[in-house]
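Data file: final.txt. Format and content: compact mmCIF, C-alpha atoms and all ligand atoms.
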```
# COMPACT_ATOMS: atom_id res chain seq x y z
CA MET A 722 0.00 0.00 0.00
CA SER A 723 1.53 3.30 -0.97
CA GLY A 724 -0.24 6.44 0.02
CA TRP A 725 -0.11 9.87 -1.49
CA VAL A 726 -1.32 13.40 -1.02
CA VAL A 727 -2.62 15.48 -3.90
CA VAL A 728 -3.41 19.12 -3.22
CA ALA A 729 -6.03 20.07 -5.78
CA GLY A 730 -8.06 23.09 -6.78
CA LEU A 731 -11.79 22.78 -7.54
CA GLY A 732 -11.98 25.98 -9.59
CA PRO A 733 -14.28 28.93 -8.93
CA GLY A 734 -17.57 27.01 -8.76
CA ARG A 735 -18.91 25.50 -11.97
CA GLU A 736 -18.23 21.79 -12.39
CA SER A 737 -16.95 22.19 -15.95
CA LEU A 738 -14.18 24.46 -14.62
CA ILE A 739 -12.63 21.59 -12.63
CA VAL A 740 -9.63 20.46 -14.66
CA PRO A 741 -9.76 16.80 -15.84
CA GLU A 742 -6.62 15.81 -13.86
CA VAL A 743 -8.33 16.83 -10.64
CA ALA A 744 -11.49 14.89 -11.53
CA ASP A 745 -9.29 11.80 -12.24
CA VAL A 746 -7.46 12.01 -8.94
CA LEU A 747 -10.73 12.40 -7.00
CA ALA A 748 -11.88 9.14 -8.61
CA GLU A 749 -8.80 7.34 -7.17
CA ALA A 750 -8.87 8.87 -3.68
CA THR A 751 -9.73 7.11 -0.43
CA ASP A 752 -10.00 10.35 1.57
CA VAL A 753 -10.82 13.98 0.84
CA VAL A 754 -10.02 16.73 3.34
CA GLY A 755 -10.87 20.41 3.23
CA TYR A 756 -12.97 23.32 4.40
CA ILE A 757 -16.67 22.29 4.64
CA PRO A 758 -18.11 24.08 1.55
CA TYR A 759 -15.31 22.76 -0.68
CA VAL A 760 -15.59 19.14 0.52
CA ARG A 761 -19.35 19.36 -0.14
CA ARG A 762 -18.56 19.97 -3.81
CA VAL A 763 -17.08 16.46 -4.07
CA THR A 764 -19.61 13.76 -5.05
CA PRO A 765 -19.76 11.05 -2.34
CA ARG A 766 -19.20 7.42 -3.35
CA PRO A 767 -18.54 4.11 -1.58
CA GLY A 768 -14.90 3.81 -0.49
CA LEU A 769 -14.40 7.57 -0.22
CA THR A 770 -14.30 9.21 3.21
CA LEU A 771 -15.03 12.93 3.30
CA HIS A 772 -13.37 14.89 6.14
CA GLU A 773 -14.92 18.32 6.53
CA SER A 774 -13.14 20.86 8.70
CA ASP A 775 -13.81 24.39 9.79
CA ASN A 776 -12.13 27.47 8.36
CA ARG A 777 -8.80 28.63 9.86
CA VAL A 778 -7.57 25.15 10.82
CA GLU A 779 -5.47 24.77 7.70
CA LEU A 780 -2.37 23.44 9.46
CA ASP A 781 -4.29 20.75 11.41
CA ARG A 782 -6.03 19.72 8.21
CA ALA A 783 -2.72 19.52 6.32
CA THR A 784 -1.10 17.47 9.12
CA HIS A 785 -4.06 15.09 9.13
CA ALA A 786 -3.71 14.61 5.35
CA LEU A 787 0.01 13.78 5.67
CA GLU A 788 -0.66 11.35 8.56
CA MET A 789 -3.25 9.51 6.48
CA ALA A 790 -0.91 9.31 3.46
CA ALA A 791 1.83 7.90 5.74
CA GLU A 792 -0.70 5.17 6.71
CA GLY A 793 -1.15 4.28 3.02
CA LYS A 794 -4.25 6.30 2.18
CA ARG A 795 -4.78 8.22 -1.06
CA VAL A 796 -5.65 11.69 0.10
CA VAL A 797 -6.89 14.69 -1.84
CA VAL A 798 -6.73 18.04 -0.06
CA VAL A 799 -9.22 20.34 -1.76
CA SER A 800 -9.23 24.12 -2.08
CA SER A 801 -11.41 26.34 -4.20
CA GLY A 802 -9.82 27.88 -7.26
CA ASP A 803 -6.12 27.04 -7.37
CA PRO A 804 -4.60 25.37 -4.28
CA GLY A 805 -1.43 27.48 -4.50
CA VAL A 806 -3.29 30.82 -4.31
CA PHE A 807 -4.05 31.77 -0.69
CA ALA A 808 -5.02 28.17 -0.04
CA MET A 809 -3.95 24.70 1.10
CA ALA A 810 -0.76 23.99 -0.90
CA SER A 811 1.45 26.18 1.30
CA ALA A 812 -0.25 24.83 4.43
CA VAL A 813 0.66 21.27 3.37
CA PHE A 814 4.31 22.26 2.93
CA GLU A 815 4.31 24.10 6.29
CA ALA A 816 3.00 20.90 7.91
CA LEU A 817 5.62 18.85 6.03
CA GLU A 818 8.41 21.12 7.29
CA ALA A 819 7.18 20.83 10.88
CA GLY A 820 6.54 17.06 10.67
CA PRO A 821 8.70 13.94 11.10
CA GLN A 822 11.64 13.33 8.74
CA GLU A 823 9.90 10.23 7.20
CA TRP A 824 7.23 12.43 5.65
CA LEU A 825 9.82 13.97 3.32
CA THR A 826 9.70 10.84 1.13
CA LEU A 827 5.89 10.87 0.79
CA ASP A 828 4.42 11.23 -2.69
CA ILE A 829 3.00 14.77 -2.68
CA ARG A 830 1.65 16.51 -5.76
CA VAL A 831 -0.03 19.85 -6.35
CA LEU A 832 -2.53 20.08 -9.21
CA PRO A 833 -3.38 23.54 -10.47
CA GLY A 834 -6.91 24.87 -10.74
CA ILE A 835 -8.61 27.91 -12.23
CA THR A 836 -8.18 30.63 -9.66
CA ALA A 837 -11.02 33.11 -8.93
CA MET A 838 -8.90 35.99 -10.25
CA LEU A 839 -8.66 34.47 -13.73
CA ALA A 840 -12.30 33.36 -13.85
CA ALA A 841 -13.35 36.88 -12.80
CA ALA A 842 -11.00 38.61 -15.25
CA ALA A 843 -12.35 36.48 -18.10
CA ARG A 844 -15.94 37.52 -17.31
CA ILE A 845 -14.96 41.20 -17.14
CA GLY A 846 -12.94 41.19 -20.38
CA ALA A 847 -9.17 41.51 -20.01
CA PRO A 848 -8.49 43.76 -17.00
CA LEU A 849 -5.23 41.89 -16.22
CA GLY A 850 -3.81 42.15 -19.74
CA HIS A 851 -0.76 44.10 -18.54
CA ASP A 852 1.32 43.76 -15.33
CA PHE A 853 -0.68 43.10 -12.18
CA ALA A 854 -0.42 42.19 -8.49
CA ALA A 855 -2.58 39.67 -6.62
CA ILE A 856 -3.18 40.68 -3.00
CA ASN A 857 -5.06 38.97 -0.18
CA LEU A 858 -6.86 41.71 1.80
CA SER A 859 -7.35 39.52 4.87
CA ASP A 860 -5.21 40.39 7.87
CA ASN A 861 -5.48 36.89 9.42
CA LEU A 862 -1.89 36.05 8.53
CA LYS A 863 -0.23 39.47 8.16
CA PRO A 864 -0.58 42.91 9.76
CA TRP A 865 -2.99 45.41 8.19
CA ASP A 866 -0.17 47.99 7.93
CA LEU A 867 1.69 45.73 5.53
CA ILE A 868 -1.44 45.45 3.36
CA GLU A 869 -1.68 49.26 3.22
CA THR A 870 1.99 49.52 2.23
CA ARG A 871 1.57 46.96 -0.57
CA LEU A 872 -1.62 48.56 -1.91
CA ARG A 873 0.02 51.95 -2.10
CA ALA A 874 3.23 50.58 -3.67
CA ALA A 875 1.36 48.53 -6.31
CA GLY A 876 -0.97 51.43 -7.15
CA GLU A 877 1.84 53.95 -7.44
CA ALA A 878 3.87 51.54 -9.62
CA GLY A 879 0.96 51.26 -12.06
CA PHE A 880 0.06 47.63 -11.43
CA ALA A 881 -3.52 46.52 -11.96
CA MET A 882 -4.61 44.59 -8.85
CA ALA A 883 -6.72 41.57 -7.99
CA PHE A 884 -7.99 41.33 -4.41
CA TYR A 885 -8.93 38.08 -2.69
CA ASN A 886 -10.90 38.11 0.61
CA PRO A 887 -11.78 41.80 0.18
CA ARG A 888 -14.23 42.21 3.02
CA SER A 889 -15.71 40.19 5.87
CA LYS A 890 -18.12 40.80 8.74
CA SER A 891 -15.24 40.60 11.23
CA ARG A 892 -13.38 43.51 9.59
CA PRO A 893 -15.96 45.79 7.97
CA HIS A 894 -13.90 49.02 7.95
CA GLN A 895 -10.71 47.87 6.30
CA PHE A 896 -12.05 47.72 2.76
CA ALA A 897 -13.21 51.35 3.05
CA ARG A 898 -9.65 52.26 4.02
CA ALA A 899 -8.29 50.21 1.09
CA LEU A 900 -10.52 52.19 -1.32
CA GLU A 901 -9.20 55.47 0.15
CA ILE A 902 -5.61 54.41 -0.45
CA LEU A 903 -6.42 53.27 -4.00
CA ARG A 904 -8.06 56.61 -4.87
CA GLU A 905 -4.88 58.39 -3.74
CA ALA A 906 -2.46 55.95 -5.41
CA CYS A 907 -4.33 55.23 -8.69
CA GLY A 908 -6.59 58.26 -9.23
CA GLU A 909 -10.38 58.57 -8.83
CA GLU A 910 -11.19 57.67 -12.46
CA THR A 911 -9.46 54.27 -12.43
CA LEU A 912 -11.94 51.43 -13.07
CA ILE A 913 -12.73 48.87 -10.39
CA SER A 914 -14.72 45.69 -11.03
CA PHE A 915 -16.60 43.58 -8.50
CA ALA A 916 -17.09 39.98 -9.60
CA ARG A 917 -19.25 38.03 -7.16
CA ALA A 918 -19.75 34.24 -7.14
CA VAL A 919 -18.22 33.88 -10.59
CA SER A 920 -19.35 30.78 -12.52
CA THR A 921 -22.23 30.06 -10.12
CA PRO A 922 -25.96 30.85 -10.50
CA GLU A 923 -25.50 33.86 -8.14
CA GLU A 924 -22.86 35.48 -10.33
CA GLU A 925 -22.90 39.32 -10.45
CA ILE A 926 -20.37 41.49 -12.28
CA ARG A 927 -20.20 45.26 -11.93
CA THR A 928 -17.65 47.92 -12.93
CA VAL A 929 -17.50 51.51 -11.61
CA THR A 930 -14.80 54.16 -11.10
CA LEU A 931 -12.86 54.32 -7.83
CA ALA A 932 -14.74 57.58 -7.12
CA GLU A 933 -18.06 55.68 -7.31
CA ALA A 934 -16.96 52.53 -5.46
CA THR A 935 -18.43 51.83 -2.01
CA PRO A 936 -17.33 49.17 0.48
CA GLU A 937 -20.75 47.43 0.30
CA MET A 938 -20.06 46.43 -3.30
CA ALA A 939 -17.75 43.65 -2.01
CA ASP A 940 -18.23 40.68 0.30
CA MET A 941 -16.32 37.45 0.92
CA ARG A 942 -17.63 35.89 -2.30
CA THR A 943 -16.32 38.78 -4.39
CA MET A 944 -13.14 39.13 -6.38
CA VAL A 945 -12.21 42.80 -6.77
CA ILE A 946 -10.12 43.86 -9.76
CA VAL A 947 -8.69 47.37 -10.05
CA GLY A 948 -7.29 48.41 -13.40
CA ASN A 949 -4.31 50.63 -14.09
CA ARG A 950 -4.69 54.19 -15.40
CA ASP A 951 -5.02 52.89 -19.02
CA THR A 952 -7.75 50.34 -18.23
CA ARG A 953 -10.87 51.27 -20.21
CA ARG A 954 -14.28 50.16 -21.39
CA VAL A 955 -15.02 48.88 -24.88
CA GLY A 956 -18.70 47.98 -25.38
CA ASN A 957 -19.70 45.79 -22.43
CA TYR A 958 -16.11 44.82 -21.69
CA VAL A 959 -13.26 46.25 -19.62
CA TYR A 960 -9.73 45.74 -20.78
CA THR A 961 -6.17 46.85 -20.07
CA PRO A 962 -3.99 47.44 -23.13
CA ARG A 963 -0.92 45.20 -23.44
CA SER A 964 1.52 48.09 -23.63
CA ALA A 965 2.55 50.96 -21.35
CA LEU A 966 4.61 54.09 -22.03
N1 LIG B 1 -7.65 29.39 -3.69
C1 LIG B 1 -8.74 30.28 -4.09
C2 LIG B 1 -8.79 31.56 -3.27
C3 LIG B 1 -9.10 31.38 -1.80
S1 LIG B 1 -9.32 32.91 -0.98
C4 LIG B 1 -8.61 30.59 -5.58
O1 LIG B 1 -7.56 30.29 -6.17
O2 LIG B 1 -9.56 31.12 -6.16
C5 LIG B 1 -11.08 33.10 -1.07
C6 LIG B 1 -11.44 34.32 -1.90
O3 LIG B 1 -11.39 33.98 -3.28
C7 LIG B 1 -12.84 34.87 -1.69
O4 LIG B 1 -12.92 35.73 -0.56
C8 LIG B 1 -13.07 35.63 -2.98
O5 LIG B 1 -12.37 36.87 -2.95
C9 LIG B 1 -12.35 34.74 -3.99
N2 LIG B 1 -13.26 33.80 -4.67
C10 LIG B 1 -13.28 32.46 -4.58
N3 LIG B 1 -14.22 31.94 -5.41
C11 LIG B 1 -14.81 32.98 -6.04
C12 LIG B 1 -15.84 33.10 -7.04
N4 LIG B 1 -16.45 32.03 -7.54
N5 LIG B 1 -16.18 34.34 -7.43
C13 LIG B 1 -15.55 35.44 -6.95
N6 LIG B 1 -14.57 35.38 -6.01
C14 LIG B 1 -14.20 34.17 -5.57
```

Would you kindly transcribe this structure into structure tokens?
Amino acid sequence: MSGWVVVAGLGPGRESLIVPEVADVLAEATDVVGYIPYVRRVTPRPGLTLHESDNRVELDRATHALEMAAEGKRVVVVSSGDPGVFAMASAVFEALEAGPQEWLTLDIRVLPGITAMLAAAARIGAPLGHDFAAINLSDNLKPWDLIETRLRAAGEAGFAMAFYNPRSKSRPHQFARALEILREACGEETLISFARAVSTPEEEIRTVTLAEATPEMADMRTMVIVGNRDTRRVGNYVYTPRSAL
């Protein structure tokens, strides 16, 4: 019996956006671990044990996956989108680093998925067609000051930006502050798009200027994409030209 761990992304929501390699590996697994809503996206079948865990216990979940693989199980750790983007892949390697030496020889693979940023950008048009920065606006794992510094630096350097975890009930004021910084760093007329629940039946896409943006336009199911100063509308689309002066 040789176990393995595959860290896989389930894409932004729609089943057809799960890449075939991930679907194949789920068919071979004995165990699936992940945050409750993601594990619920996996179809149950005989021989497959689903382990649902709460949010914010990523390291425990990763350790559990490695322990099961060491016992010979075939474990898939699921994330939404891509597992390497603010998700479980790094948590698995943190657990590996902190774990027993024997784990270093385990068969561990990471399979990419379609991250929310790219699914959202595709629905909007091509807002990330030039240089961009992807930033997690949650201060769970880093101080808010550092987020402010990065927002300002990216805006002033002319990067378009994609924001994950833009706003939650536990930190309602921070996104308002982020918008203030962006208006200063990027200018009031820069376009900002809010893409909520992309590729699901609740999908909503909306683009306004930074001057018009309000914090309520985002929630935890929203991907926020800010253009650079050249980002513009063409028909119903928003795009960023490929070149800059
Ligand atoms: N690993 C995931 C991101 C996890 S962080 C990925 O690669 O997509 C969770 C954040 O992703 C959410 O707060 C939201 O900002 C974004 N997100 C995830 N799915 C989304 C979707 N279907 N539509 C819009 N944003 C989404």

Would you pick out the contacts of Leu872 in chain A at 10 Å or less, using only C-alpha atoms, so that residues sharing its chain but fewer than 3 positions from it are not included, and give the list as a list of chain:residue names?
A:Ala854, A:Ile856, A:Leu858, A:Asp866, A:Leu867, A:Ile868, A:Glu869, A:Ala875, A:Gly876, A:Glu877, A:Ala878, A:Phe880, A:Met882, A:Phe884, A:Ala899, A:Leu900, A:Ile902, A:Leu903, A:Ala906, A:Cys907

Between A:Tyr756, A:Phe915, A:Tyr958, A:Phe814, smallest distance to Ala847 in chain A by only C-alpha atoms belongs to A:Tyr958

Taking 5 positions as the minimum chain separation for residues in the same chain, which residues sit within 12 Å of Asn949 in chain A when counting all atoms listed in the file? Answer as a ChimeraX atom specification. /A:847-854,875-883,903-904,906-914,930-931,959-965

Atoms kept (C-alpha atoms) for selection, written as a PDB file, in the frame of the given file:
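Printed below is part23.pdb as written:
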```pdb
ATOM      1  CA  ALA A 847      -9.170  41.510 -20.010  1.00  0.00           C
ATOM      2  CA  PRO A 848      -8.490  43.760 -17.000  1.00  0.00           C
ATOM      3  CA  LEU A 849      -5.230  41.890 -16.220  1.00  0.00           C
ATOM      4  CA  GLY A 850      -3.810  42.150 -19.740  1.00  0.00           C
ATOM      5  CA  HIS A 851      -0.760  44.100 -18.540  1.00  0.00           C
ATOM      6  CA  ASP A 852       1.320  43.760 -15.330  1.00  0.00           C
ATOM      7  CA  PHE A 853      -0.680  43.100 -12.180  1.00  0.00           C
ATOM      8  CA  ALA A 854      -0.420  42.190  -8.490  1.00  0.00           C
ATOM      9  CA  ALA A 875       1.360  48.530  -6.310  1.00  0.00           C
ATOM     10  CA  GLY A 876      -0.970  51.430  -7.150  1.00  0.00           C
ATOM     11  CA  GLU A 877       1.840  53.950  -7.440  1.00  0.00           C
ATOM     12  CA  ALA A 878       3.870  51.540  -9.620  1.00  0.00           C
ATOM     13  CA  GLY A 879       0.960  51.260 -12.060  1.00  0.00           C
ATOM     14  CA  PHE A 880       0.060  47.630 -11.430  1.00  0.00           C
ATOM     15  CA  ALA A 881      -3.520  46.520 -11.960  1.00  0.00           C
ATOM     16  CA  MET A 882      -4.610  44.590  -8.850  1.00  0.00           C
ATOM     17  CA  ALA A 883      -6.720  41.570  -7.990  1.00  0.00           C
ATOM     18  CA  LEU A 903      -6.420  53.270  -4.000  1.00  0.00           C
ATOM     19  CA  ARG A 904      -8.060  56.610  -4.870  1.00  0.00           C
ATOM     20  CA  ALA A 906      -2.460  55.950  -5.410  1.00  0.00           C
ATOM     21  CA  CYS A 907      -4.330  55.230  -8.690  1.00  0.00           C
ATOM     22  CA  GLY A 908      -6.590  58.260  -9.230  1.00  0.00           C
ATOM     23  CA  GLU A 909     -10.380  58.570  -8.830  1.00  0.00           C
ATOM     24  CA  GLU A 910     -11.190  57.670 -12.460  1.00  0.00           C
ATOM     25  CA  THR A 911      -9.460  54.270 -12.430  1.00  0.00           C
ATOM     26  CA  LEU A 912     -11.940  51.430 -13.070  1.00  0.00           C
ATOM     27  CA  ILE A 913     -12.730  48.870 -10.390  1.00  0.00           C
ATOM     28  CA  SER A 914     -14.720  45.690 -11.030  1.00  0.00           C
ATOM     29  CA  THR A 930     -14.800  54.160 -11.100  1.00  0.00           C
ATOM     30  CA  LEU A 931     -12.860  54.320  -7.830  1.00  0.00           C
ATOM     31  CA  VAL A 959     -13.260  46.250 -19.620  1.00  0.00           C
ATOM     32  CA  TYR A 960      -9.730  45.740 -20.780  1.00  0.00           C
ATOM     33  CA  THR A 961      -6.170  46.850 -20.070  1.00  0.00           C
ATOM     34  CA  PRO A 962      -3.990  47.440 -23.130  1.00  0.00           C
ATOM     35  CA  ARG A 963      -0.920  45.200 -23.440  1.00  0.00           C
ATOM     36  CA  SER A 964       1.520  48.090 -23.630  1.00  0.00           C
ATOM     37  CA  ALA A 965       2.550  50.960 -21.350  1.00  0.00           C
TER      38      ALA A 965
END
```

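When CA of Arg795 in chain A is paired with CA of Ala750 in chain A, their separation reads 4.9 Å.
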
Give the residue list for ligand LIG 1 (chain B) at 7 Å, counting only C-alpha atoms and all ligand atoms, as a tab-separated table (two decimals) with C-alpha atoms, keeping the file's coordinate frame, sorted by chain and then by residue number.
```tsv
chain	number	residue	atom	x	y	z
A	732	GLY	CA	-11.98	25.98	-9.59
A	733	PRO	CA	-14.28	28.93	-8.93
A	734	GLY	CA	-17.57	27.01	-8.76
A	800	SER	CA	-9.23	24.12	-2.08
A	801	SER	CA	-11.41	26.34	-4.20
A	802	GLY	CA	-9.82	27.88	-7.26
A	803	ASP	CA	-6.12	27.04	-7.37
A	804	PRO	CA	-4.60	25.37	-4.28
A	805	GLY	CA	-1.43	27.48	-4.50
A	806	VAL	CA	-3.29	30.82	-4.31
A	807	PHE	CA	-4.05	31.77	-0.69
A	808	ALA	CA	-5.02	28.17	-0.04
A	835	ILE	CA	-8.61	27.91	-12.23
A	836	THR	CA	-8.18	30.63	-9.66
A	837	ALA	CA	-11.02	33.11	-8.93
A	838	MET	CA	-8.90	35.99	-10.25
A	841	ALA	CA	-13.35	36.88	-12.80
A	884	PHE	CA	-7.99	41.33	-4.41
A	885	TYR	CA	-8.93	38.08	-2.69
A	886	ASN	CA	-10.90	38.11	0.61
A	887	PRO	CA	-11.78	41.80	0.18
A	916	ALA	CA	-17.09	39.98	-9.60
A	917	ARG	CA	-19.25	38.03	-7.16
A	918	ALA	CA	-19.75	34.24	-7.14
A	919	VAL	CA	-18.22	33.88	-10.59
A	920	SER	CA	-19.35	30.78	-12.52
A	921	THR	CA	-22.23	30.06	-10.12
A	941	MET	CA	-16.32	37.45	0.92
A	942	ARG	CA	-17.63	35.89	-2.30
A	943	THR	CA	-16.32	38.78	-4.39
A	944	MET	CA	-13.14	39.13	-6.38
```
